[in-house]
Every structure is written in structure tokens, then in C-alpha cells.
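Student: One file is attached below, data-v5.cif, containing mmCIF, C-alpha atoms.
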```
data_model
#
loop_
_atom_site.label_atom_id
_atom_site.label_comp_id
_atom_site.auth_asym_id
_atom_site.auth_seq_id
_atom_site.Cartn_x
_atom_site.Cartn_y
_atom_site.Cartn_z
CA MET A 1 11.32 -9.89 -13.46
CA ALA A 2 10.50 -6.81 -11.54
CA ASP A 3 12.50 -3.64 -11.90
CA PRO A 4 14.81 -2.73 -9.04
CA MET A 5 13.64 -0.87 -5.97
CA LYS A 6 15.29 2.09 -4.36
CA MET A 7 15.40 2.69 -0.66
CA ARG A 8 16.83 5.46 1.45
CA ALA A 9 16.90 5.42 5.21
CA THR A 10 18.15 8.28 7.35
CA LEU A 11 18.66 8.11 11.08
CA LYS A 12 17.67 11.05 13.24
CA GLY A 13 18.50 10.17 16.80
CA ASP A 14 16.79 6.82 17.31
CA THR A 15 14.20 7.35 14.60
CA ALA A 16 14.77 6.08 11.10
CA GLU A 17 12.94 7.76 8.26
CA VAL A 18 12.61 5.28 5.43
CA ARG A 19 11.67 6.14 1.89
CA VAL A 20 11.20 3.44 -0.68
CA LEU A 21 10.48 3.56 -4.39
CA MET A 22 9.05 0.55 -6.17
CA ASN A 23 9.00 0.35 -9.94
CA HIS A 24 5.58 -0.95 -10.79
CA PRO A 25 2.87 -0.09 -13.37
CA MET A 26 0.02 -0.26 -10.82
CA GLU A 27 -2.61 -0.86 -13.51
CA THR A 28 -6.13 -0.24 -12.25
CA GLY A 29 -7.93 -2.41 -14.80
CA GLN A 30 -9.91 0.66 -15.89
CA ARG A 31 -7.52 2.05 -18.47
CA LYS A 32 -7.54 1.14 -22.13
CA GLY A 33 -4.29 0.48 -23.93
CA PRO A 34 -3.39 1.68 -27.44
CA ASP A 35 -5.16 -1.37 -28.90
CA GLY A 36 -8.45 -0.29 -27.31
CA LYS A 37 -8.45 -3.22 -24.92
CA VAL A 38 -8.65 -2.79 -21.19
CA VAL A 39 -5.24 -3.17 -19.59
CA PRO A 40 -5.68 -5.87 -16.94
CA MET A 41 -5.22 -5.06 -13.30
CA HIS A 42 -1.66 -5.36 -12.12
CA PHE A 43 -0.80 -3.84 -8.79
CA ILE A 44 1.13 -4.35 -5.58
CA GLN A 45 -0.99 -5.95 -2.87
CA ASN A 46 1.45 -6.42 -0.03
CA VAL A 47 4.35 -4.45 1.35
CA GLU A 48 6.42 -5.63 4.26
CA VAL A 49 9.08 -3.79 6.25
CA LYS A 50 11.47 -5.78 8.39
CA LEU A 51 14.03 -4.47 10.85
CA ASN A 52 16.74 -6.97 11.75
CA GLY A 53 14.55 -9.78 10.43
CA LYS A 54 11.51 -8.78 12.51
CA THR A 55 8.38 -7.55 10.75
CA VAL A 56 7.57 -4.00 11.84
CA ILE A 57 5.11 -2.86 9.17
CA GLU A 58 2.70 -4.85 7.04
CA GLY A 59 0.89 -2.94 4.35
CA GLN A 60 -1.91 -3.99 2.03
CA THR A 61 -2.43 -1.80 -0.99
CA SER A 62 -4.89 -1.43 -3.82
CA GLN A 63 -4.71 -0.33 -7.43
CA ALA A 64 -5.40 3.21 -6.22
CA VAL A 65 -1.77 3.63 -5.23
CA SER A 66 0.06 5.68 -7.85
CA ARG A 67 2.31 4.20 -10.51
CA ASN A 68 5.85 3.55 -9.28
CA PRO A 69 4.77 3.80 -5.64
CA VAL A 70 6.78 5.74 -3.10
CA PHE A 71 6.18 5.04 0.57
CA SER A 72 7.64 6.64 3.66
CA PHE A 73 7.75 4.95 7.03
CA ARG A 74 9.24 5.80 10.41
CA LEU A 75 10.90 3.33 12.72
CA LYS A 76 11.63 3.95 16.36
CA GLY A 77 14.51 2.60 18.39
CA ALA A 78 16.64 1.98 15.32
CA LYS A 79 20.39 2.33 15.36
CA ALA A 80 23.26 2.45 12.91
CA GLY A 81 24.06 -0.93 11.44
CA ASP A 82 20.50 -2.26 11.77
CA LYS A 83 19.39 -4.25 8.75
CA LEU A 84 16.31 -2.99 6.98
CA GLU A 85 14.43 -5.05 4.40
CA ILE A 86 11.43 -4.06 2.34
CA SER A 87 9.57 -6.42 0.06
CA TRP A 88 6.44 -6.32 -2.06
CA LEU A 89 4.21 -8.80 -3.80
CA ASP A 90 1.67 -8.07 -6.52
CA ASN A 91 -1.58 -9.64 -7.70
CA LYS A 92 0.27 -11.70 -10.31
CA GLY A 93 2.61 -13.22 -7.77
CA ASP A 94 5.54 -11.10 -8.89
CA LYS A 95 7.69 -9.85 -6.03
CA ASN A 96 10.82 -7.96 -5.21
CA GLN A 97 12.83 -6.90 -2.22
CA THR A 98 15.64 -4.65 -1.22
CA GLU A 99 17.71 -4.27 1.90
CA THR A 100 20.09 -1.80 3.39
CA ALA A 101 21.98 -1.19 6.61
CA LEU A 102 21.05 1.91 8.54
CA ALA A 103 23.77 4.53 8.62
CA MET B 1 13.00 -36.79 -25.42
CA ASP B 2 13.38 -33.05 -25.65
CA ALA B 3 9.79 -32.51 -26.66
CA LEU B 4 8.63 -34.54 -23.68
CA ARG B 5 10.91 -32.56 -21.43
CA ARG B 6 9.44 -29.28 -22.71
CA VAL B 7 5.91 -30.49 -22.17
CA THR B 8 6.74 -31.64 -18.68
CA LEU B 9 8.37 -28.33 -17.87
CA LYS B 10 5.42 -26.39 -19.22
CA ALA B 11 2.98 -28.48 -17.27
CA ALA B 12 5.04 -28.02 -14.14
CA ALA B 13 5.21 -24.26 -14.69
CA ALA B 14 1.46 -24.06 -15.31
CA ALA B 15 0.76 -26.09 -12.21
CA GLY B 16 3.03 -23.78 -10.26
CA VAL B 17 1.20 -20.69 -11.47
CA LEU B 18 -2.16 -22.25 -10.70
CA ALA B 19 -1.10 -23.26 -7.25
CA ALA B 20 0.29 -19.80 -6.62
CA THR B 21 -2.94 -18.13 -7.72
CA ALA B 22 -5.20 -20.53 -5.89
CA LEU B 23 -3.34 -20.45 -2.63
CA HIS B 24 -2.73 -16.73 -2.67
CA PRO B 25 1.03 -17.00 -2.67
CA LEU B 26 1.50 -14.99 0.47
CA ARG B 27 2.91 -17.46 2.88
CA VAL B 28 5.57 -14.94 3.78
CA PHE B 29 3.09 -12.09 3.93
CA ALA B 30 1.18 -13.14 6.98
CA ALA B 31 -1.42 -10.41 6.66
CA GLY B 32 -2.72 -11.62 3.30
CA TRP B 33 -4.95 -9.28 1.38
CA ASN B 34 -8.38 -8.21 2.57
CA LYS B 35 -10.16 -8.82 -0.71
CA ASP B 36 -13.62 -7.96 0.58
CA ALA B 37 -12.52 -4.60 1.88
CA PHE B 38 -10.46 -3.73 -1.19
CA GLN B 39 -13.21 -4.71 -3.61
CA ALA B 40 -15.92 -2.82 -1.74
CA LYS B 41 -17.43 -0.09 -3.89
CA THR B 42 -18.59 2.24 -1.16
CA PRO B 43 -16.67 3.64 1.80
CA ALA B 44 -19.28 2.19 4.17
CA ASP B 45 -18.82 -1.32 2.78
CA ALA B 46 -15.05 -1.01 2.88
CA LEU B 47 -15.19 0.09 6.52
CA LYS B 48 -17.54 -2.76 7.37
CA ASN B 49 -15.14 -5.26 5.83
CA LEU B 50 -12.26 -3.72 7.72
CA GLY B 51 -14.22 -4.34 10.90
CA ALA B 52 -14.52 -0.60 11.44
CA ALA B 53 -18.18 0.07 10.70
CA ALA B 54 -18.66 3.02 13.01
CA PRO B 55 -15.37 4.74 13.80
CA ALA B 56 -15.35 7.70 16.17
CA ASP B 57 -14.10 11.08 14.96
CA SER B 58 -10.69 11.94 16.29
CA SER B 59 -8.48 14.98 16.01
CA ALA B 60 -5.48 12.85 16.98
CA ILE B 61 -5.22 11.61 13.41
CA VAL B 62 -3.35 14.10 11.27
CA ILE B 63 -3.79 13.95 7.49
CA ASP B 64 -1.40 15.98 5.43
CA ALA B 65 -2.62 16.20 1.85
CA PRO B 66 -2.87 19.02 -0.66
CA GLN B 67 -6.14 21.02 -0.65
CA ILE B 68 -5.94 21.14 -4.41
CA ALA B 69 -4.21 18.43 -6.38
CA GLU B 70 -3.54 19.31 -9.98
CA ASN B 71 -2.64 15.81 -10.98
CA GLY B 72 -5.08 13.19 -9.78
CA ALA B 73 -2.65 10.43 -10.75
CA VAL B 74 -0.23 11.29 -7.96
CA VAL B 75 -1.70 12.78 -4.81
CA PRO B 76 0.65 12.64 -1.83
CA ILE B 77 -1.03 11.71 1.43
CA GLU B 78 0.78 11.69 4.74
CA VAL B 79 -0.87 10.28 7.83
CA THR B 80 0.29 10.48 11.43
CA SER B 81 -1.68 9.00 14.28
CA ASN B 82 -1.17 10.52 17.71
CA LEU B 83 -3.45 7.97 19.32
CA PRO B 84 -1.57 5.89 21.86
CA SER B 85 -0.76 2.34 20.69
CA THR B 86 -2.07 2.76 17.17
CA LYS B 87 -2.18 -0.63 15.55
CA SER B 88 -3.16 0.18 12.01
CA ILE B 89 -3.94 2.99 9.59
CA ALA B 90 -6.25 2.62 6.60
CA VAL B 91 -6.60 5.21 3.83
CA LEU B 92 -9.82 5.54 1.83
CA ILE B 93 -10.53 7.80 -1.11
CA GLU B 94 -14.28 8.06 -0.73
CA LYS B 95 -15.20 8.78 -4.35
CA ASN B 96 -12.82 6.34 -6.02
CA PRO B 97 -14.49 3.32 -7.68
CA PHE B 98 -12.87 1.18 -4.98
CA PRO B 99 -12.39 3.50 -2.02
CA LEU B 100 -9.86 1.59 0.05
CA ALA B 101 -6.34 2.51 -1.10
CA GLY B 102 -4.27 0.87 1.57
CA LYS B 103 -4.03 -0.43 5.08
CA PHE B 104 -0.86 -0.49 7.13
CA GLU B 105 -0.32 -2.44 10.31
CA PHE B 106 2.33 -1.30 12.72
CA HIS B 107 4.17 -3.58 15.07
CA GLU B 108 6.62 -2.76 17.82
CA GLY B 109 9.41 -0.65 16.40
CA ALA B 110 7.30 1.20 13.86
CA MET B 111 5.77 4.62 14.36
CA PRO B 112 2.13 5.05 13.29
CA PHE B 113 3.06 7.11 10.28
CA VAL B 114 2.81 6.47 6.58
CA LYS B 115 3.19 8.53 3.44
CA LEU B 116 2.01 7.30 0.08
CA ASN B 117 0.89 8.57 -3.31
CA VAL B 118 -2.59 7.70 -4.48
CA LYS B 119 -4.69 8.09 -7.60
CA MET B 120 -7.88 10.11 -7.33
CA GLY B 121 -10.52 10.03 -10.04
CA GLU B 122 -12.19 13.22 -8.84
CA SER B 123 -12.35 15.61 -5.89
CA SER B 124 -13.09 13.57 -2.82
CA ASN B 125 -12.83 13.23 0.89
CA VAL B 126 -9.79 11.31 2.02
CA ARG B 127 -10.76 9.28 5.06
CA VAL B 128 -8.27 7.75 7.43
CA VAL B 129 -9.27 5.10 9.92
CA ALA B 130 -6.87 4.21 12.70
CA GLU B 131 -7.20 1.31 15.08
CA ALA B 132 -5.97 1.90 18.61
CA GLY B 133 -6.72 0.02 21.78
CA GLY B 134 -9.29 -2.17 20.03
CA LYS B 135 -11.31 0.81 18.82
CA HIS B 136 -11.49 2.60 15.49
CA TYR B 137 -11.06 6.31 15.03
CA THR B 138 -11.38 8.40 11.91
CA ALA B 139 -10.51 11.73 10.37
CA VAL B 140 -11.31 13.26 6.99
CA LYS B 141 -9.68 15.74 4.68
CA GLU B 142 -11.06 17.02 1.42
CA VAL B 143 -8.80 17.07 -1.63
CA LYS B 144 -9.90 18.87 -4.78
CA VAL B 145 -8.62 17.48 -8.04
CA THR B 146 -8.35 19.77 -11.04
CA ILE B 147 -8.47 17.68 -14.17
CA GLY B 148 -7.73 20.58 -16.51
CA GLY B 149 -4.25 21.83 -15.79
CA CYS B 150 -5.20 25.43 -15.17
CA GLY B 151 -4.46 24.98 -11.48
CA GLY B 152 -7.95 26.31 -10.87
#
```
Can you give me the file's structure in the form of C-alpha cells?

Tutor:
Amino acid sequence: MADPMKMRATLKGDTAEVRVLMNHPMETGQRKGPDGKVVPMHFIQNVEVKLNGKTVIEGQTSQAVSRNPVFSFRLKGAKAGDKLEISWLDNKGDKNQTETALA
Amino acid sequence: MDALRRVTLKAAAAAGVLAATALHPLRVFAAGWNKDAFQAKTPADALKNLGAAAPADSSAIVIDAPQIAENGAVVPIEVTSNLPSTKSIAVLIEKNPFPLAGKFEFHEGAMPFVKLNVKMGESSNVRVVAEAGGKHYTAVKEVKVTIGGCGG
């Protein structure tokens, strides 16, 4: 099971600034572990941002994104009370999501 | 009975995993994952697979990244596109083994802005390709990575 995500969204006028932290090892498949064996690739491939159930941002990512990725996005025309959902899915099929109401 | 049940469960679980891997489990993620572009080993190949072989230079794409990054494991990169109706932004670290780091598609309601942290193996150009009005535009910023820790 994936570790929890953290999300913070702040409204400035009608623009929401969203910051999300995902707990994920983001293994590149190039690093060797303590046993001398290559640690297999394990990284987030898809990130989706939904506002009130409608997809607003679709991201595809590679193993080059840093460990425990932090992304910032900006949404226009958002208002207090809007429901914001962010989800991710990795190359092993593991996934997680978090949601919050804009305030 | 119980042994049979375990076996059945295991088989079902294995089948589930197989199906998930084979079908690329992204039914909910409509965009899928552009394997060809992400596994490209040169920036040119990655761009070709993104359908952006020859992007035009544009000063309307603003890349905010450190000139010198002391820690190549976490290099913050902020991209804003001022091109009207920007549809997507892709970030490439030209000298990474696999240059394409991410691609973000923006739909109505999202501003063409993204900030992310990337890993950089060595000093490299960071190239951003934005798609707007059916055309591709690009901008570049060089980031130097100091492996030592002397802040050089």
C-alpha cells in the first residue's frame, strides 16, 4: 500500500495554487542496493488532477522525477468549496489519491 | 479444501497482476504513458516520439531553474507558458540517460504552469517543449550540477 499523499491548495482570487507531495521511491533502475543488485525501476507514470470531477491536468512522468515527488499546479476559475482530487499510478500498478475542498 | 482455496486465490491474484501489466492498467488515466518517448535515449528521439520533431524557439516559455544545482537528485524546475492556448508542456533533461522527465497536458480550467523536482546526472540543458495551437515551441535553460558539495 502506498504511503499517504499531502496536498495543499490556496486560493488567490480565482486562481488556485496547488501543491502536492507524493511519497514514492522513484527508483530509476540504475542504482544498486546494499546487496549489490540493481534496484528495479519503480516510479510514478501518471498523475491526474481533477476539479469537481473533471480532469484538468494529465501528467506523464518518468523515473527522472525526484524521490517523493512534489508538483505544483495552477487552476483558473476555481472557487471556495470546489473539490480537488489528485491521483497517481506507478509502473507496478500501485496507485493512490487524495482530495480536498478549496478554501 | 483450504489448500485448494489458497491455490485458487493465488492463481486469481496472479492472473489479476498479469492482466494489469498486460493491459497497462490505466483505464482511468486516459492519457496512458508514451513509452516510446520516455524510453528514448536522445532528446531528438524523445521529441520525435512526442510528435514535436522540430519545435520553434520561443521566448514565451519561461523556465525557472537554478543556474547551479548542488544536489542533482532534487533540481526544482518551474515552467510557465505564455503562449495562448497552451495544450501541453514537456520537460527534457538533455543529458540524462532517458531525457524526457515528464509531460503535462492542460485542459480547460488549468493554467499552463507546472513545477516539479527532477534528477540530473550531470550538468545539462533543460529543454521545455510546449504545444499551442497545433504547433510546438521550445525553450532551453542550462543547469550546472556540482557533484562535490563545495558549491563550486

Student: In terms of the shortest atom-to-atom distance over only C-alpha atoms, which of B:Gly32, B:Glu131, B:Thr146, B:Lys119 is closest to Leu100 (chain B)?

Tutor: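 With only C-alpha atoms as the atom set, the closest residue is B:Lys119.
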
Student: With only C-alpha atoms as the atoms that count, which of B:Glu122, B:Glu105, B:Asp64, B:Asp57 lies nearest to Ser88 (chain B)?

Tutor: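 The answer is B:Glu105, which sits nearest to Ser88 (chain B).
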
Student: If you apply the PyMOL selection byres ((chain B) within 6 of (chain A)) to this file, what residues do you get, as a PyMOL selection string?

Tutor: chain B and resi 74+101-107+109-111+114-119

Student: Just to confirm, what's the straight-line distance from CA of Val79 (chain B) to CA of Asp82 (chain A) in Å (one decimal)?

Tutor: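 Computing it gives 25.1 Å between the two atoms.
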
Student: Here is a test: counting all atoms listed in the file, which residue of B:Thr42, B:Asn34, B:Gly133, B:Arg127 is nearest to Ile77 (chain B)?

Tutor: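 Smallest distance to Ile77 (chain B) is found for B:Arg127.
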
Student: Carefully work through the PyMOL selection byres ((chain B and resi 125) around 6) for this structure and note down the residues it includes, as a list in words.

Tutor: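 What the PyMOL selection byres ((chain B and resi 125) around 6) grabs from the file is Glu94, Ser124, Val126, Lys141 and Glu142 of chain B.
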
Student: Please compute the CA of Pro99 (chain B)-CA of Leu50 (chain B) distance, one decimal, in Å.

Tutor: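 Going from CA of Pro99 (chain B) over to CA of Leu50 (chain B), I get 12.1 Å.
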